[in-house]
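Enquirer: Input: one structure, supplied below.
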Amino acid sequence: MHAVALFFGLGFAILGLPLTIYNNANVWCWIAAHPSTCEDNSGRDGDIPCERGKNAWLYRWLIFYGPILLMIVAVTGIMIMLTRTVRVEEKRIIEMQTEIRSQLSSIEHTPPTDVTEDQPHWGSPAPTALWQTHRYERSRQMLYQAVFYLGVFYLTWLFVTINRMYQLVTGDSSYPLLVLHSMFGPLQGFLNFIVYRHGQITA
């Protein structure tokens, strides 16, 4: 999986070099047309011809935002399946434990003749208070961690996507959206660090 991610990431990044789409994008050097007035963010031609990065708006969606949106959908689906699988497996284990405890409780508590009163009887049922308290604990931890992880994913890319969609539809830029884009976009690594350190699940 790491090899696949590196292959597509490096492949799309290198693809931009022969296409000459890396230019000044105001906030940073990124996929943009040069000069900036040769076409707008929706692909409409400007008053001067493009020297570099023709159709940059299209490549933004083909090699960056398109794959990211697909990954958001894929990660959401994977997290849903993962939490459901953990829940089902934990439910199966709890049902087995319940059956075993029920069988043990039905056994007559008849200790062997050579067993003293201080020794536990074979048929004595195990205490269930602690077991009942932690029912579905692992699946709850998994659900909370998945919600935190997806929440960071959505929060990081929400304003970025809204900003790019606004640019695609109107051909213009919104200063408030650019500010939110610039604030939340670079925070993904830091927010992921917080999620990974929060509520770590041990095997």
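Letters A, B, ... go to the chains of the structure tokens in the order shown; residues in each chain start at 1; ligands are counted from 1 in the same order.
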Under the rule of at most 12 Å, produce a per-residue listing of stretch 3-77 of chain A near stretch 181-199 of chain A: chain, number, name, the closest pair of atoms, and the distance in Å, as CSV, using only C-alpha atoms.
Expert:
residue,atom,partner,partner_atom,distance
A:Asn26,CA,A:Ser182,CA,11.3
A:Val27,CA,A:Ser182,CA,7.9
A:Trp28,CA,A:Ser182,CA,9.6
Enquirer: Given only C-alpha atoms as the basis, pick out the residue of A:Val4, A:Ala13, A:Met71, A:Met79 nearest to A:Gln145.
Expert: A:Met79
Enquirer: Mind pulling up the distance from atom CA of A:Leu150 to atom CA of A:Arg84?
Expert: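 Interatomic distance, atom CA of A:Arg84 to atom CA of A:Leu150: 15.5 Å.
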Enquirer: Hey, which bits of stretch 36-95 of chain A sit within 9 Å of stretch 155-161 of chain A, and for each residue what's the closest pair of atoms and how far apart in Å (one decimal), counting only C-alpha atoms, rows by chain and increasing number, as a tab-separated table?
Expert:
residue	atom	partner	partner_atom	distance
A:Tyr65	CA	A:Thr161	CA	7.8
A:Ile68	CA	A:Trp157	CA	8.9
A:Leu69	CA	A:Thr161	CA	8.8
Enquirer: Hey, can you spit out that residue selection with C-alpha atoms as a CSV table (one decimal), in the first residue's frame?
Expert:
chain,number,residue,atom,x,y,z
A,65,TYR,CA,-8.4,17.3,-5.9
A,68,ILE,CA,-8.1,13.4,-2.8
A,69,LEU,CA,-11.9,13.4,-2.9
Enquirer: My list of candidates is A:Gln103, A:Thr170, A:Thr37, A:Thr83. Which is closest to A:Arg52 when distances are computed with only C-alpha atoms?
Expert: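 Of A:Gln103, A:Thr170, A:Thr37, A:Thr83, the one nearest A:Arg52, counting only C-alpha atoms, is A:Thr37.
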Enquirer: What is the atom CA of A:Leu180 to atom CA of A:Arg164 distance in Å?
Expert: 11.7 Å
Enquirer: Check the smallest atom-to-atom distance from each of A:Ser105, A:Ser173, A:Thr20, A:Thr76 to A:Val152 using only C-alpha atoms, then report the winner.
Expert: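 Among the listed residues, the smallest separation from A:Val152 belongs to A:Thr76.
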Enquirer: Nearest to A:His34 among A:Gly16, A:Gly53, A:Gly171, A:Pro67, with distances taken over only C-alpha atoms: which residue is it?
Expert: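 Nearest candidate to A:His34 out of A:Gly16, A:Gly53, A:Gly171, A:Pro67: A:Gly53.
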Enquirer: Pull the strand (DSSP E) assignments for stretch 6-200 of chain A out of DSSP run on the backbone, and list those residues as a list in words.
Expert: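 Assigned to strand (DSSP E), within stretch 6-200 of chain A: Tyr22, Asn23, Asn24, Cys29, Trp30 and Ile31 of chain A.
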Enquirer: When you look at A:Met142 with a cut-off of 8 Å (counting only C-alpha atoms), what residues show up, excluding the ones that are within fewer than 4 positions of it in the same chain? I need them as a PDB file with C-alpha atoms, in the first residue's frame.
Expert:
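To be explicit, this is the file written out as part_27.pdb:
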ATOM      1  CA  THR A  83     -15.736  -0.442  12.972  1.00  0.00           C
ATOM      2  CA  VAL A  86     -14.766  -5.020  15.189  1.00  0.00           C
ATOM      3  CA  ARG A 138     -12.936  -2.228  22.075  1.00  0.00           C
ATOM      4  CA  ALA A 146     -12.331   6.503  13.510  1.00  0.00           C
ATOM      5  CA  ILE A 201      -5.828   1.487  21.181  1.00  0.00           C
TER       6      ILE A 201
END
Enquirer: What is the distance between atom CA of A:Ala74 and atom CA of A:Asn55, in Å to one decimal?
Expert: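 Going from atom CA of A:Ala74 over to atom CA of A:Asn55, I get 27.7 Å.
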Enquirer: Given the choices A:Tyr22, A:Tyr154, A:Phe8, A:Tyr144, which gets closest to A:Lys54 if the distance is worked out from only C-alpha atoms?
Expert: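 When distances to A:Lys54 are compared using only C-alpha atoms, the smallest one comes from A:Tyr22.
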